[in-house]
$ cat target.txt   # compact mmCIF, C-alpha atoms
# COMPACT_ATOMS: atom_id res chain seq x y z
CA MET A 1 0.00 0.00 0.00
CA ASP A 2 1.30 3.44 -0.91
CA PHE A 3 0.33 6.83 0.50
CA GLU A 4 -2.46 7.49 -2.07
CA GLU A 5 -4.15 4.17 -1.36
CA ALA A 6 -3.80 4.72 2.37
CA ALA A 7 -5.28 8.23 2.14
CA ASP A 8 -8.24 6.98 0.09
CA ALA A 9 -8.85 4.19 2.59
CA LEU A 10 -8.56 6.60 5.52
CA TYR A 11 -11.18 9.06 4.28
CA ALA A 12 -13.52 6.19 3.43
CA VAL A 13 -13.91 5.04 7.04
CA PRO A 14 -16.55 6.45 9.44
CA ALA A 15 -15.43 9.66 11.09
CA ALA A 16 -15.45 7.98 14.50
CA ASP A 17 -12.81 5.50 13.30
CA PHE A 18 -10.61 8.09 11.62
CA ILE A 19 -7.91 8.49 14.28
CA ALA A 20 -7.50 4.76 14.95
CA THR A 21 -7.44 3.98 11.22
CA ARG A 22 -4.93 6.75 10.55
CA ASN A 23 -2.56 5.38 13.20
CA GLU A 24 -2.89 1.83 11.88
CA LEU A 25 -2.29 2.84 8.25
CA ALA A 26 0.67 5.05 9.24
CA LYS A 27 2.25 2.06 10.96
CA ARG A 28 1.72 -0.08 7.87
CA LEU A 29 3.34 2.53 5.62
CA LYS A 30 6.31 2.81 7.97
CA ALA A 31 6.62 -0.97 8.15
CA ASP A 32 6.60 -1.08 4.35
CA GLY A 33 9.54 1.33 4.28
CA ASP A 34 7.57 4.51 3.44
CA ALA A 35 8.50 6.64 6.42
CA ALA A 36 7.74 9.87 4.54
CA GLY A 37 4.31 8.59 3.56
CA SER A 38 3.67 7.54 7.13
CA THR A 39 4.57 10.98 8.44
CA ARG A 40 2.49 12.66 5.76
CA LEU A 41 -0.51 10.45 6.55
CA LYS A 42 -0.33 11.41 10.22
CA THR A 43 -0.80 15.08 9.24
CA LEU A 44 -4.16 14.40 7.57
CA ARG A 45 -7.00 15.89 9.56
CA LYS A 46 -10.18 14.21 10.67
CA PRO A 47 -13.07 15.39 8.47
CA THR A 48 -15.93 17.42 9.86
CA VAL A 49 -19.40 15.92 9.45
CA ALA A 50 -20.09 18.04 6.33
CA ALA A 51 -16.72 17.08 4.82
CA TRP A 52 -17.25 13.39 5.62
CA ILE A 53 -20.63 13.40 3.89
CA THR A 54 -19.15 15.20 0.88
CA ASN A 55 -16.43 12.54 0.68
CA LEU A 56 -19.18 9.92 0.87
CA VAL A 57 -20.88 11.48 -2.14
CA ALA A 58 -17.59 11.51 -4.06
CA ARG A 59 -17.17 7.77 -3.46
CA LYS A 60 -20.74 6.54 -3.86
CA ALA A 61 -22.28 9.03 -6.33
CA PRO A 62 -19.34 9.85 -8.65
CA ASP A 63 -21.44 10.17 -11.82
CA GLU A 64 -23.83 12.68 -10.25
CA LEU A 65 -20.88 14.65 -8.89
CA ASP A 66 -19.21 14.62 -12.32
CA ASP A 67 -22.44 16.02 -13.78
CA LEU A 68 -22.20 18.91 -11.32
CA LEU A 69 -18.55 19.60 -12.18
CA ALA A 70 -19.25 19.41 -15.92
CA LEU A 71 -22.06 21.93 -15.45
CA GLY A 72 -19.50 24.18 -13.73
CA ASP A 73 -17.37 23.98 -16.89
CA GLU A 74 -20.36 25.13 -18.93
CA PHE A 75 -21.00 28.00 -16.52
CA ARG A 76 -17.42 29.19 -16.87
CA GLU A 77 -17.56 28.93 -20.66
CA ALA A 78 -20.82 30.88 -20.79
CA THR A 79 -19.39 33.50 -18.41
CA ALA A 80 -16.25 33.87 -20.51
CA ASP A 81 -18.39 34.28 -23.64
CA LEU A 82 -20.70 36.77 -21.87
CA ASP A 83 -23.58 34.52 -22.98
CA GLY A 84 -26.43 35.73 -20.79
CA ASP A 85 -29.03 33.50 -22.44
CA ARG A 86 -26.90 30.42 -21.80
CA LEU A 87 -26.32 31.43 -18.17
CA ARG A 88 -30.06 31.88 -17.63
CA GLU A 89 -30.61 28.45 -19.17
CA LEU A 90 -27.98 26.80 -16.93
CA THR A 91 -29.10 28.40 -13.65
CA PRO A 92 -32.19 26.21 -13.02
CA LYS A 93 -30.09 23.15 -13.91
CA ARG A 94 -27.57 24.26 -11.28
CA HIS A 95 -30.26 24.38 -8.59
CA GLN A 96 -31.70 21.08 -9.77
CA LEU A 97 -28.34 19.28 -9.59
CA LEU A 98 -27.58 20.75 -6.18
CA ASP A 99 -30.97 19.62 -4.88
CA THR A 100 -30.48 16.15 -6.34
CA LEU A 101 -27.00 15.74 -4.82
CA ALA A 102 -28.11 17.09 -1.44
CA LYS A 103 -30.96 14.56 -1.31
CA GLU A 104 -28.65 11.76 -2.42
CA ALA A 105 -26.12 12.80 0.24
CA ALA A 106 -28.81 12.65 2.92
CA ARG A 107 -29.83 9.19 1.77
CA LEU A 108 -26.25 7.88 1.70
CA ALA A 109 -25.51 9.37 5.12
CA ALA A 110 -28.66 7.80 6.57
CA GLU A 111 -27.54 4.40 5.27
CA ASP A 112 -24.35 4.85 7.31
CA GLY A 113 -26.30 5.98 10.37
CA GLN A 114 -25.36 9.66 10.06
CA LYS A 115 -28.09 12.28 10.39
CA ILE A 116 -27.71 15.65 8.68
CA SER A 117 -28.55 18.71 10.73
CA ALA A 118 -29.67 21.97 9.15
CA ASP A 119 -26.20 23.47 9.68
CA VAL A 120 -24.44 20.46 8.15
CA GLY A 121 -26.92 20.43 5.26
CA GLN A 122 -26.16 24.10 4.56
CA LYS A 123 -22.39 23.48 4.66
CA LEU A 124 -22.79 20.48 2.38
CA ARG A 125 -24.73 22.52 -0.17
CA GLU A 126 -22.15 25.36 0.02
CA THR A 127 -19.38 22.82 -0.57
CA LEU A 128 -21.12 21.36 -3.62
CA ASP A 129 -21.80 24.84 -4.99
CA ALA A 130 -18.16 25.81 -4.46
CA ALA A 131 -17.18 22.67 -6.39
CA LEU A 132 -19.34 23.84 -9.28
CA VAL A 133 -18.04 27.42 -9.24
CA ASP A 134 -14.32 26.83 -8.68
CA PRO A 135 -12.31 24.16 -10.58
CA ALA A 136 -9.85 23.66 -7.72
CA ALA A 137 -12.70 23.17 -5.26
CA GLY A 138 -14.32 20.78 -7.71
CA ASP A 139 -11.15 18.72 -7.93
CA ALA A 140 -10.82 18.68 -4.14
CA VAL A 141 -14.39 17.50 -3.72
CA ARG A 142 -13.99 14.89 -6.46
CA GLU A 143 -10.86 13.51 -4.76
CA GLY A 144 -12.97 12.56 -1.73
CA ARG A 145 -10.41 13.58 0.92
CA LEU A 146 -11.91 16.77 2.33
CA SER A 147 -11.29 17.44 5.99
CA SER A 148 -13.46 20.56 6.02
CA ALA A 149 -16.47 21.93 4.18
CA LEU A 150 -15.80 24.53 1.45
CA ARG A 151 -17.38 27.86 0.69
CA HIS A 152 -17.05 30.20 -2.25
CA VAL A 153 -16.61 33.75 -0.96
CA GLY A 154 -16.37 35.74 -4.18
CA PHE A 155 -12.59 35.99 -4.47
CA GLY A 156 -12.01 32.27 -3.99
CA VAL A 157 -12.82 29.17 -1.99
CA VAL A 158 -12.03 28.62 1.70
CA ASP A 159 -12.68 25.72 4.04
CA GLU A 160 -14.21 25.93 7.50
CA ASN A 161 -10.80 26.87 8.91
CA GLY A 162 -9.71 29.12 6.03
CA GLU A 163 -7.09 26.61 4.89
CA PRO A 164 -6.39 25.40 1.33
CA SER A 165 -7.70 22.03 0.08
CA ASN A 166 -5.93 19.17 -1.63
CA VAL A 167 -6.62 18.90 -5.35
CA THR A 168 -6.75 16.04 -7.85
CA PRO A 169 -7.55 16.96 -11.47
CA LEU A 170 -10.70 15.52 -12.97
CA THR A 171 -9.77 13.76 -16.22
CA ASP A 172 -11.03 15.03 -19.55
CA GLU A 173 -12.55 11.63 -20.15
CA ARG A 174 -14.71 11.86 -17.03
CA ARG A 175 -15.71 15.44 -17.81
CA GLN A 176 -16.75 14.41 -21.34
CA ALA A 177 -18.68 11.43 -19.98
CA ALA A 178 -20.53 13.75 -17.63
CA ARG A 179 -21.32 16.12 -20.48
CA ASP A 180 -22.54 13.23 -22.62
CA ARG A 181 -24.82 12.08 -19.80
CA ARG A 182 -26.24 15.56 -19.42
CA LYS A 183 -26.87 15.77 -23.17
CA THR A 184 -28.62 12.42 -23.07
CA GLN A 185 -30.68 13.49 -20.08
CA GLN A 186 -31.57 16.75 -21.82
CA ALA A 187 -32.57 14.86 -24.96
CA GLU A 188 -34.73 12.54 -22.89
CA THR A 189 -36.27 15.50 -21.10
CA ASP A 190 -36.97 17.27 -24.41
CA ALA A 191 -38.48 14.09 -25.86
CA ALA A 192 -40.65 13.63 -22.78
CA GLN A 193 -41.80 17.24 -22.98
CA GLU A 194 -42.61 16.86 -26.68
CA THR A 195 -44.53 13.66 -25.96
CA ALA A 196 -46.42 15.34 -23.14
CA ALA A 197 -47.19 18.34 -25.37
CA ALA A 198 -48.41 16.05 -28.15
CA ALA A 199 -50.54 14.16 -25.63
CA ARG A 200 -52.02 17.44 -24.35
CA GLU A 201 -52.78 18.56 -27.91
CA GLN A 202 -54.42 15.22 -28.69
CA GLU A 203 -56.40 15.42 -25.46
CA GLU A 204 -57.55 18.92 -26.38
CA ARG A 205 -58.58 17.69 -29.85
CA ASP A 206 -60.41 14.73 -28.32
CA ALA A 207 -62.11 17.04 -25.85
CA ALA A 208 -63.16 19.33 -28.70
CA GLU A 209 -64.53 16.36 -30.65
CA ARG A 210 -66.40 15.12 -27.58
CA ALA A 211 -67.84 18.59 -27.03
CA LYS A 212 -68.86 18.76 -30.69
CA ALA A 213 -70.47 15.32 -30.54
CA ARG A 214 -72.21 16.21 -27.28
CA GLN A 215 -73.57 19.42 -28.83
CA ALA A 216 -74.76 17.49 -31.90
CA PHE A 217 -76.49 14.97 -29.63
CA GLU A 218 -78.13 17.73 -27.61
CA ASP A 219 -79.25 19.44 -30.82
CA ALA A 220 -80.67 16.14 -32.11
CA VAL A 221 -82.50 15.56 -28.82
CA ALA A 222 -83.93 19.10 -28.96
CA ALA A 223 -85.03 18.58 -32.59
CA ALA A 224 -86.64 15.26 -31.68
CA GLN A 225 -88.46 16.85 -28.75
CA GLU A 226 -89.66 19.67 -31.00
CA ALA A 227 -90.84 17.18 -33.63
CA GLU A 228 -92.60 15.12 -30.96
CA ALA A 229 -94.35 18.25 -29.71
CA LYS A 230 -95.49 19.04 -33.26
CA VAL A 231 -96.78 15.48 -33.68
CA GLU A 232 -98.72 15.75 -30.42
CA ASP A 233 -100.16 19.09 -31.58
CA LEU A 234 -101.15 17.63 -34.94
CA ASP A 235 -102.71 14.61 -33.21
CA THR A 236 -104.74 16.99 -31.08
CA GLN A 237 -105.81 18.97 -34.16
CA LEU A 238 -106.72 15.72 -35.97
CA ASP A 239 -108.81 14.53 -33.02
CA THR A 240 -110.55 17.92 -32.96
CA ALA A 241 -111.20 17.73 -36.72
CA ARG A 242 -112.50 14.20 -36.39
CA GLU A 243 -114.89 15.29 -33.64
CA ALA A 244 -116.05 18.24 -35.77
CA LEU A 245 -116.53 15.93 -38.78
CA SER A 246 -118.52 13.50 -36.68
CA GLU A 247 -120.73 16.32 -35.42
CA ALA A 248 -121.17 17.62 -38.97
CA GLN A 249 -122.06 14.15 -40.25
CA GLY A 250 -124.64 13.84 -37.46
CA LEU A 251 -126.10 17.20 -38.37
CA VAL A 252 -126.29 16.23 -42.05
CA HIS A 253 -128.03 13.01 -41.09
CA ARG A 254 -130.53 14.88 -38.94
CA LEU A 255 -131.14 17.51 -41.63
CA GLY A 256 -131.62 14.74 -44.18
CA ALA A 257 -134.19 13.06 -41.97
CA ASP A 258 -135.96 16.38 -41.40
CA LEU A 259 -135.94 17.01 -45.17
CA ASP A 260 -137.40 13.59 -45.86
CA GLU A 261 -140.07 14.20 -43.24
CA ALA A 262 -140.86 17.62 -44.73
CA ARG A 263 -141.08 16.11 -48.22
CA ARG A 264 -143.41 13.35 -46.95
CA THR A 265 -145.58 15.91 -45.22
CA ALA A 266 -145.68 18.04 -48.39
CA ARG A 267 -146.71 15.03 -50.52
CA GLU A 268 -149.48 14.16 -48.10
CA ALA A 269 -150.63 17.77 -48.10
CA GLN A 270 -150.66 17.82 -51.91
CA LYS A 271 -152.62 14.55 -51.96
CA GLU A 272 -155.20 15.88 -49.53
CA SER A 273 -155.42 19.09 -51.59
CA ARG A 274 -156.18 17.11 -54.80
CA GLU A 275 -158.78 15.00 -53.10
CA ALA A 276 -160.42 18.07 -51.65
CA ARG A 277 -160.51 19.71 -55.11
CA LYS A 278 -162.13 16.58 -56.55
CA ARG A 279 -164.79 16.57 -53.90
CA TYR A 280 -165.47 20.20 -54.56
CA ASN A 281 -165.84 19.67 -58.26
CA ARG A 282 -168.38 16.89 -57.73
CA LEU A 283 -170.51 19.20 -55.76

$ encode --input "target.txt" --output "structure tokens"
Amino acid sequence: MDFEEAADALYAVPAADFIATRNELAKRLKADGDAAGSTRLKTLRKPTVAAWITNLVARKAPDELDDLLALGDEFREATADLDGDRLRELTPKRHQLLDTLAKEAARLAAEDGQKISADVGQKLRETLDAALVDPAAGDAVREGRLSSALRHVGFGVVDENGEPSNVTPLTDERRQAARDRRKTQQAETDAAQETAAAAREQEERDAAERAKARQAFEDAVAAAQEAEAKVEDLDTQLDTAREALSEAQGLVHRLGADLDEARRTAREAQKESREARKRYNRL
């Protein structure tokens, strides 16, 4: 084991085991003939809670952390180009990535039995934001050997004690992989938004068609009701006409009978008149 391996192993242990582990690893380095490495390892400081959780993120969520650092590269490029539109586009992504990493950090810490207080949570978020803003801070966070939380103060980055941090460059390959992942995620997000928009448009069209069909149905029902009312009115008029016709036919029948009776009476009167004239003539 060399110093780098020992340092990585040291900052991977729970904070409560840091001192004992450091002493044990220092002895191993010295026994292996690396006295300088042993001495150097003994100078490494125990991480604060915020630093320990940040180191945990670097070890267990490296891809998400690389995404954050790659976004920092884009911020710096946009700033150098004075590209305000690009900066406004990147800002919500910055907040989103910070929120995602903070939640992931809380989950990972809980798995190791470490609760995150409000103060630690704030320091963790400041450290992640400093990693995005400042390349050196980003490299220090990515290395996973922080002993103190970081904070960007405008002119640079300081830790909780105002001391400088160790740095390990992030390879171009990892930066490009992070950028590629972000492009893929953006493409997936755009595709999902397009699909959702198309679904909303189709839903609106379907709703319009349903409304049109419903209106046509209501119009048809109204027309049927109107036609039914007209039929009922015509039935009523027909019944009235039939009653009037029946009354008229009865009247005609009665008048016909009266006419026949009048004609019979007239014939009898004429007959009596002829007989009376005959009797008169005989006299």

$ atom_distance --input "target.txt" --atom1 "CA of Leu132 in chain A" --atom2 "CA of Leu69 in chain A"
5.2 Å

$ residues_around --input "target.txt" --residues "range 117-127 of chain A" --least-positions-apart "4" --cutoff "8 Å" --atoms "all atoms listed in the file" --output "number ranges by chain"
A: 49-51, 53-54, 98, 102, 131, 141, 149-152

$ axis_aligned_box --input "target.txt" --around "range 70-85 of chain A" --padding-each-side "5 Å" --output "JSON"
{"center_x": -22.6, "center_y": 28.1, "center_z": -18.7, "size_x": 22.8, "size_y": 27.4, "size_z": 19.9}

$ residues_around --input "target.txt" --residues "Phe3 in chain A" --least-positions-apart "4" --cutoff "9 Å" --atoms "all atoms listed in the file" --output "list in words"
Ala7, Asp8, Ala26, Leu29, Asp34, Ala36, Gly37, Ser38, Arg40 and Leu41 of chain A

$ atom_distance --input "target.txt" --atom1 "CA of Leu10 in chain A" --atom2 "CA of Lys30 in chain A"
15.5 Å

$ atom_distance --input "target.txt" --atom1 "CA of Leu65 in chain A" --atom2 "CA of Leu97 in chain A"
8.8 Å
